[in-house]
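*Asks:* protein27.cif is the file, holding mmCIF, N, CA and C atoms and all ligand atoms:
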data_data
#
loop_
_atom_site.label_atom_id
_atom_site.label_comp_id
_atom_site.auth_asym_id
_atom_site.auth_seq_id
_atom_site.Cartn_x
_atom_site.Cartn_y
_atom_site.Cartn_z
N MET A 1 -10.87 -69.39 -0.40
CA MET A 1 -10.72 -68.46 -1.53
C MET A 1 -11.79 -67.36 -1.53
N PRO A 2 -13.06 -67.75 -1.41
CA PRO A 2 -14.07 -66.68 -1.39
C PRO A 2 -13.85 -65.65 -0.29
N PRO A 3 -13.55 -66.13 0.94
CA PRO A 3 -13.34 -65.10 1.97
C PRO A 3 -12.15 -64.20 1.68
N ALA A 4 -11.12 -64.82 1.10
CA ALA A 4 -9.92 -64.03 0.78
C ALA A 4 -10.26 -62.96 -0.27
N ALA A 5 -11.00 -63.44 -1.29
CA ALA A 5 -11.40 -62.49 -2.35
C ALA A 5 -12.31 -61.42 -1.77
N HIS A 6 -13.19 -61.88 -0.91
CA HIS A 6 -14.11 -60.93 -0.29
C HIS A 6 -13.33 -59.91 0.54
N ARG A 7 -12.32 -60.42 1.22
CA ARG A 7 -11.53 -59.53 2.08
C ARG A 7 -10.75 -58.50 1.25
N SER A 8 -10.22 -59.07 0.15
CA SER A 8 -9.41 -58.16 -0.68
C SER A 8 -10.31 -57.13 -1.36
N LEU A 9 -11.55 -57.52 -1.61
CA LEU A 9 -12.49 -56.59 -2.25
C LEU A 9 -13.07 -55.62 -1.22
N PHE A 10 -13.23 -56.14 -0.05
CA PHE A 10 -13.94 -55.37 0.98
C PHE A 10 -13.31 -53.99 1.25
N PRO A 11 -12.02 -53.97 1.52
CA PRO A 11 -11.47 -52.63 1.81
C PRO A 11 -11.47 -51.71 0.60
N LYS A 12 -11.42 -52.32 -0.56
CA LYS A 12 -11.34 -51.51 -1.79
C LYS A 12 -12.61 -50.68 -2.01
N ARG A 13 -13.75 -51.40 -1.85
CA ARG A 13 -14.99 -50.69 -2.22
C ARG A 13 -15.77 -50.23 -1.00
N THR A 14 -15.18 -50.35 0.16
CA THR A 14 -15.96 -49.94 1.34
C THR A 14 -15.83 -48.46 1.59
N VAL A 15 -16.30 -48.21 2.74
CA VAL A 15 -16.36 -46.87 3.27
C VAL A 15 -15.06 -46.10 3.15
N ALA A 16 -13.97 -46.88 3.24
CA ALA A 16 -12.67 -46.19 3.27
C ALA A 16 -12.46 -45.22 2.11
N PRO A 17 -12.56 -45.68 0.86
CA PRO A 17 -12.30 -44.72 -0.24
C PRO A 17 -13.25 -43.54 -0.29
N PRO A 18 -14.58 -43.79 -0.23
CA PRO A 18 -15.48 -42.61 -0.28
C PRO A 18 -15.25 -41.67 0.89
N CYS A 19 -15.09 -42.30 2.06
CA CYS A 19 -14.88 -41.48 3.26
C CYS A 19 -13.60 -40.67 3.12
N TYR A 20 -12.57 -41.35 2.66
CA TYR A 20 -11.29 -40.68 2.50
C TYR A 20 -11.41 -39.55 1.46
N ALA A 21 -12.12 -39.93 0.36
CA ALA A 21 -12.29 -38.95 -0.71
C ALA A 21 -13.08 -37.75 -0.20
N GLU A 22 -14.10 -38.06 0.56
CA GLU A 22 -14.96 -36.99 1.09
C GLU A 22 -14.14 -36.09 2.02
N ARG A 23 -13.38 -36.76 2.87
CA ARG A 23 -12.55 -36.00 3.81
C ARG A 23 -11.52 -35.16 3.08
N HIS A 24 -10.97 -35.82 2.07
CA HIS A 24 -9.94 -35.13 1.28
C HIS A 24 -10.54 -33.90 0.61
N PHE A 25 -11.75 -34.14 0.05
CA PHE A 25 -12.43 -33.05 -0.64
C PHE A 25 -12.75 -31.92 0.34
N GLU A 26 -13.24 -32.35 1.52
CA GLU A 26 -13.60 -31.38 2.54
C GLU A 26 -12.37 -30.58 2.96
N GLY A 27 -11.29 -31.34 3.17
CA GLY A 27 -10.03 -30.69 3.56
C GLY A 27 -9.56 -29.72 2.50
N GLU A 28 -9.69 -30.13 1.27
CA GLU A 28 -9.28 -29.27 0.17
C GLU A 28 -10.13 -28.01 0.12
N ASP A 29 -11.43 -28.22 0.38
CA ASP A 29 -12.35 -27.10 0.39
C ASP A 29 -11.98 -26.10 1.48
N VAL A 30 -11.69 -26.66 2.66
CA VAL A 30 -11.30 -25.80 3.79
C VAL A 30 -9.99 -25.09 3.45
N PHE A 31 -9.10 -25.85 2.86
CA PHE A 31 -7.80 -25.28 2.48
C PHE A 31 -7.98 -24.14 1.48
N LYS A 32 -8.87 -24.40 0.52
CA LYS A 32 -9.13 -23.37 -0.49
C LYS A 32 -9.73 -22.12 0.14
N THR A 33 -10.66 -22.36 1.08
CA THR A 33 -11.30 -21.24 1.76
C THR A 33 -10.26 -20.45 2.56
N LEU A 34 -9.42 -21.21 3.27
CA LEU A 34 -8.37 -20.54 4.06
C LEU A 34 -7.41 -19.79 3.14
N LEU A 35 -7.14 -20.41 2.00
CA LEU A 35 -6.22 -19.78 1.04
C LEU A 35 -6.84 -18.48 0.53
N LEU A 36 -8.15 -18.54 0.24
CA LEU A 36 -8.84 -17.34 -0.24
C LEU A 36 -8.82 -16.25 0.83
N ILE A 37 -9.04 -16.67 2.08
CA ILE A 37 -9.02 -15.70 3.19
C ILE A 37 -7.63 -15.11 3.31
N ALA A 38 -6.62 -16.00 3.22
CA ALA A 38 -5.24 -15.53 3.33
C ALA A 38 -4.91 -14.57 2.20
N ILE A 39 -5.35 -14.92 0.99
CA ILE A 39 -5.09 -14.04 -0.16
C ILE A 39 -5.81 -12.71 0.05
N GLY A 40 -7.05 -12.81 0.55
CA GLY A 40 -7.81 -11.59 0.82
C GLY A 40 -7.09 -10.71 1.84
N PHE A 41 -6.55 -11.36 2.86
CA PHE A 41 -5.82 -10.63 3.89
C PHE A 41 -4.58 -9.95 3.30
N ILE A 42 -3.87 -10.72 2.48
CA ILE A 42 -2.64 -10.20 1.89
C ILE A 42 -2.96 -9.02 0.98
N VAL A 43 -4.01 -9.21 0.18
CA VAL A 43 -4.42 -8.14 -0.74
C VAL A 43 -4.82 -6.89 0.06
N LEU A 44 -5.57 -7.13 1.13
CA LEU A 44 -6.02 -6.02 1.97
C LEU A 44 -4.82 -5.32 2.60
N ALA A 45 -3.88 -6.13 3.10
CA ALA A 45 -2.68 -5.57 3.73
C ALA A 45 -1.86 -4.78 2.73
N LEU A 46 -1.74 -5.34 1.53
CA LEU A 46 -0.99 -4.65 0.47
C LEU A 46 -1.69 -3.36 0.08
N PHE A 47 -3.03 -3.45 0.00
CA PHE A 47 -3.80 -2.28 -0.38
C PHE A 47 -3.67 -1.19 0.68
N ARG A 48 -3.71 -1.61 1.95
CA ARG A 48 -3.56 -0.63 3.03
C ARG A 48 -2.16 -0.02 3.03
N ALA A 49 -1.18 -0.88 2.80
CA ALA A 49 0.20 -0.40 2.74
C ALA A 49 0.37 0.56 1.58
N TYR A 50 -0.29 0.20 0.47
CA TYR A 50 -0.23 1.06 -0.72
C TYR A 50 -0.90 2.40 -0.44
N GLN A 51 -2.07 2.32 0.22
CA GLN A 51 -2.77 3.56 0.56
C GLN A 51 -1.93 4.41 1.51
N ARG A 52 -1.29 3.72 2.47
CA ARG A 52 -0.45 4.44 3.42
C ARG A 52 0.73 5.08 2.71
N SER A 53 1.31 4.31 1.80
CA SER A 53 2.47 4.83 1.06
C SER A 53 2.03 5.98 0.17
N LEU A 54 0.77 5.94 -0.27
CA LEU A 54 0.24 7.05 -1.07
C LEU A 54 -0.04 8.25 -0.17
N GLY A 55 -0.53 7.95 1.04
CA GLY A 55 -0.90 9.03 1.94
C GLY A 55 0.31 9.66 2.62
N GLN A 56 1.34 8.87 2.87
CA GLN A 56 2.49 9.40 3.61
C GLN A 56 3.38 10.34 2.79
N PRO A 57 3.84 9.90 1.63
CA PRO A 57 4.79 10.75 0.91
C PRO A 57 4.37 12.20 0.72
N PRO A 58 3.11 12.47 0.30
CA PRO A 58 2.76 13.88 0.11
C PRO A 58 2.98 14.73 1.36
N SER A 59 2.52 14.21 2.52
CA SER A 59 2.65 14.99 3.75
C SER A 59 4.12 15.14 4.14
N SER A 60 4.87 14.02 4.04
CA SER A 60 6.28 14.08 4.44
C SER A 60 7.08 14.93 3.46
N THR A 61 6.77 14.80 2.16
CA THR A 61 7.51 15.60 1.19
C THR A 61 7.10 17.07 1.31
N ARG A 62 5.83 17.27 1.68
CA ARG A 62 5.38 18.65 1.84
C ARG A 62 6.14 19.29 3.01
N GLU A 63 6.24 18.53 4.09
CA GLU A 63 7.00 19.03 5.24
C GLU A 63 8.45 19.28 4.85
N LYS A 64 8.95 18.31 4.09
CA LYS A 64 10.35 18.41 3.68
C LYS A 64 10.56 19.63 2.79
N THR A 65 9.64 19.80 1.81
CA THR A 65 9.81 20.91 0.89
C THR A 65 9.64 22.24 1.61
N VAL A 66 8.73 22.26 2.57
CA VAL A 66 8.54 23.48 3.36
C VAL A 66 9.82 23.77 4.12
N GLU A 67 10.41 22.72 4.63
CA GLU A 67 11.65 22.87 5.38
C GLU A 67 12.81 23.31 4.48
N ASP A 68 12.82 22.70 3.31
CA ASP A 68 13.97 22.94 2.42
C ASP A 68 13.77 24.10 1.45
N MET A 69 12.60 24.73 1.51
CA MET A 69 12.38 25.85 0.60
C MET A 69 13.15 27.08 1.05
N VAL A 70 13.81 27.70 0.13
CA VAL A 70 14.54 28.93 0.45
C VAL A 70 14.11 30.00 -0.55
N LYS A 71 14.34 31.23 -0.16
CA LYS A 71 13.90 32.34 -0.98
C LYS A 71 15.12 32.97 -1.65
N CYS A 72 14.97 33.25 -2.90
CA CYS A 72 16.04 33.94 -3.62
C CYS A 72 16.15 35.35 -3.05
N ALA A 73 17.34 35.73 -2.65
CA ALA A 73 17.55 37.04 -2.03
C ALA A 73 17.36 38.17 -3.04
N HIS A 74 17.38 37.84 -4.30
CA HIS A 74 17.23 38.88 -5.33
C HIS A 74 15.78 39.07 -5.77
N CYS A 75 15.17 37.96 -6.23
CA CYS A 75 13.81 38.09 -6.76
C CYS A 75 12.75 37.56 -5.81
N GLY A 76 13.16 36.90 -4.78
CA GLY A 76 12.20 36.43 -3.78
C GLY A 76 11.47 35.17 -4.15
N VAL A 77 11.91 34.50 -5.20
CA VAL A 77 11.24 33.26 -5.61
C VAL A 77 11.64 32.14 -4.66
N ASN A 78 10.68 31.29 -4.38
CA ASN A 78 10.94 30.14 -3.51
C ASN A 78 11.44 28.97 -4.34
N LEU A 79 12.48 28.35 -3.87
CA LEU A 79 13.01 27.19 -4.58
C LEU A 79 13.64 26.23 -3.58
N PRO A 80 13.75 24.96 -3.98
CA PRO A 80 14.34 23.99 -3.05
C PRO A 80 15.79 24.36 -2.70
N ARG A 81 16.11 24.12 -1.46
CA ARG A 81 17.44 24.47 -0.96
C ARG A 81 18.54 23.82 -1.79
N SER A 82 18.26 22.55 -2.23
CA SER A 82 19.27 21.83 -3.02
C SER A 82 19.51 22.48 -4.37
N GLU A 83 18.51 23.21 -4.89
CA GLU A 83 18.66 23.85 -6.20
C GLU A 83 19.12 25.29 -6.06
N ALA A 84 19.12 25.81 -4.86
CA ALA A 84 19.49 27.20 -4.66
C ALA A 84 21.01 27.37 -4.61
N ILE A 85 21.43 28.56 -4.90
CA ILE A 85 22.86 28.88 -4.84
C ILE A 85 23.07 29.70 -3.57
N TYR A 86 23.91 29.18 -2.73
CA TYR A 86 24.16 29.83 -1.45
C TYR A 86 25.41 30.70 -1.58
N SER A 87 25.25 31.94 -1.22
CA SER A 87 26.40 32.85 -1.33
C SER A 87 26.25 34.00 -0.34
N GLY A 88 27.25 34.19 0.45
CA GLY A 88 27.27 35.32 1.39
C GLY A 88 26.09 35.35 2.34
N GLY A 89 25.64 34.17 2.80
CA GLY A 89 24.55 34.11 3.77
C GLY A 89 23.18 34.21 3.13
N ASP A 90 23.10 34.29 1.82
CA ASP A 90 21.81 34.36 1.14
C ASP A 90 21.72 33.30 0.06
N PHE A 91 20.48 32.98 -0.26
CA PHE A 91 20.21 32.00 -1.32
C PHE A 91 19.77 32.74 -2.57
N PHE A 92 20.19 32.21 -3.69
CA PHE A 92 19.80 32.79 -4.98
C PHE A 92 19.32 31.68 -5.89
N CYS A 93 18.39 32.05 -6.78
CA CYS A 93 17.79 31.04 -7.64
C CYS A 93 18.68 30.74 -8.84
N THR A 94 19.41 31.72 -9.32
CA THR A 94 20.26 31.53 -10.50
C THR A 94 21.60 32.21 -10.27
N PRO A 95 22.62 31.79 -11.01
CA PRO A 95 23.92 32.47 -10.87
C PRO A 95 23.84 33.97 -11.18
N GLU A 96 22.93 34.32 -12.10
CA GLU A 96 22.76 35.75 -12.45
C GLU A 96 22.30 36.54 -11.23
N HIS A 97 21.32 35.97 -10.54
CA HIS A 97 20.80 36.66 -9.35
C HIS A 97 21.84 36.70 -8.26
N ARG A 98 22.68 35.70 -8.22
CA ARG A 98 23.76 35.71 -7.23
C ARG A 98 24.72 36.85 -7.56
N GLN A 99 24.97 37.03 -8.87
CA GLN A 99 25.87 38.11 -9.28
C GLN A 99 25.24 39.47 -9.02
N LEU A 100 23.93 39.53 -9.27
CA LEU A 100 23.22 40.80 -9.03
C LEU A 100 23.12 41.10 -7.54
N GLY A 101 23.12 40.06 -6.76
CA GLY A 101 23.15 40.23 -5.32
C GLY A 101 21.79 40.50 -4.72
N LYS A 102 21.82 40.77 -3.42
CA LYS A 102 20.61 41.02 -2.65
C LYS A 102 19.94 42.32 -3.10
N LYS A 103 18.65 42.25 -3.26
CA LYS A 103 17.91 43.41 -3.72
C LYS A 103 17.65 44.37 -2.56
ZN ZN A 201 16.14 34.98 -8.16
#
Let's see the structure in the file written out as structure tokens.
*Replies:*
Amino acid sequence: MPPAAHRSLFPKRTVAPPCYAERHFEGEDVFKTLLLIAIGFIVLALFRAYQRSLGQPPSSTREKTVEDMVKCAHCGVNLPRSEAIYSGGDFFCTPEHRQLGKK
């Protein structure tokens, strides 16, 4: 009986639980650190993507607007091609200017 009780007690309070707990804690710590690094990486990647998305549109839209800008044949005002009125090979800013025609 004593040895049996001793045996049943032995694994319970021995090295196994503290060691396991320590390892578990250590593993959790490493996991947390890795998680923090991963989160940091994701945040950095998102921030860079955000910065890129902030940096790209102005230049691309500027190129686009430069490309799509047309001049009113009457008053010479620059306006986006999509907003201009095309008539007789010329662009006009308003229907009135289209009626007035090329200056
Ligand atoms: Zn005009």
*Asks:* Can you tell me which residues sit at most 6 Å away from ligand ZN 201 (chain A), counting all atoms listed in the file, written as a list in words?
*Replies:*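 Listed by chain and ascending number, the contacts are Cys72, Ala73, His74, Cys75, Gly76, Val77, Phe92, Cys93, Thr94 and His97 of chain A.
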*Asks:* Could you tell me how far atom N of Ser53 of chain A sits from atom CA of Leu79 of chain A, in Å to one decimal place?
*Replies:* 26.5 Å
*Asks:* With only C-alpha atoms as the atoms that count, which of A:Gly55, A:Lys102, A:Met69, A:Val30 lies nearest to Gly88 of chain A?
*Replies:* A:Lys102
*Asks:* Separation of atom C of Asp68 of chain A and atom N of Pro95 of chain A, in Å?
*Replies:* 17.1 Å
*Asks:* Could you check how far atom C of Arg48 of chain A sits from atom N of Leu34 of chain A, in Å to one decimal?
*Replies:*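 Atom-to-atom, atom C of Arg48 of chain A to atom N of Leu34 of chain A, that is 22.4 Å.
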*Asks:* Centre and edge lengths, as AutoDock Vina command-line options, for the axis-aligned box enclosing every listed atom of segment 46-57 of chain A with 6 Å of padding on each of the six sides, in Å to one decimal?
*Replies:*
--center_x 0.5 --center_y 3.4 --center_z 1.3 --size_x 20.6 --size_y 29.5 --size_z 16.7
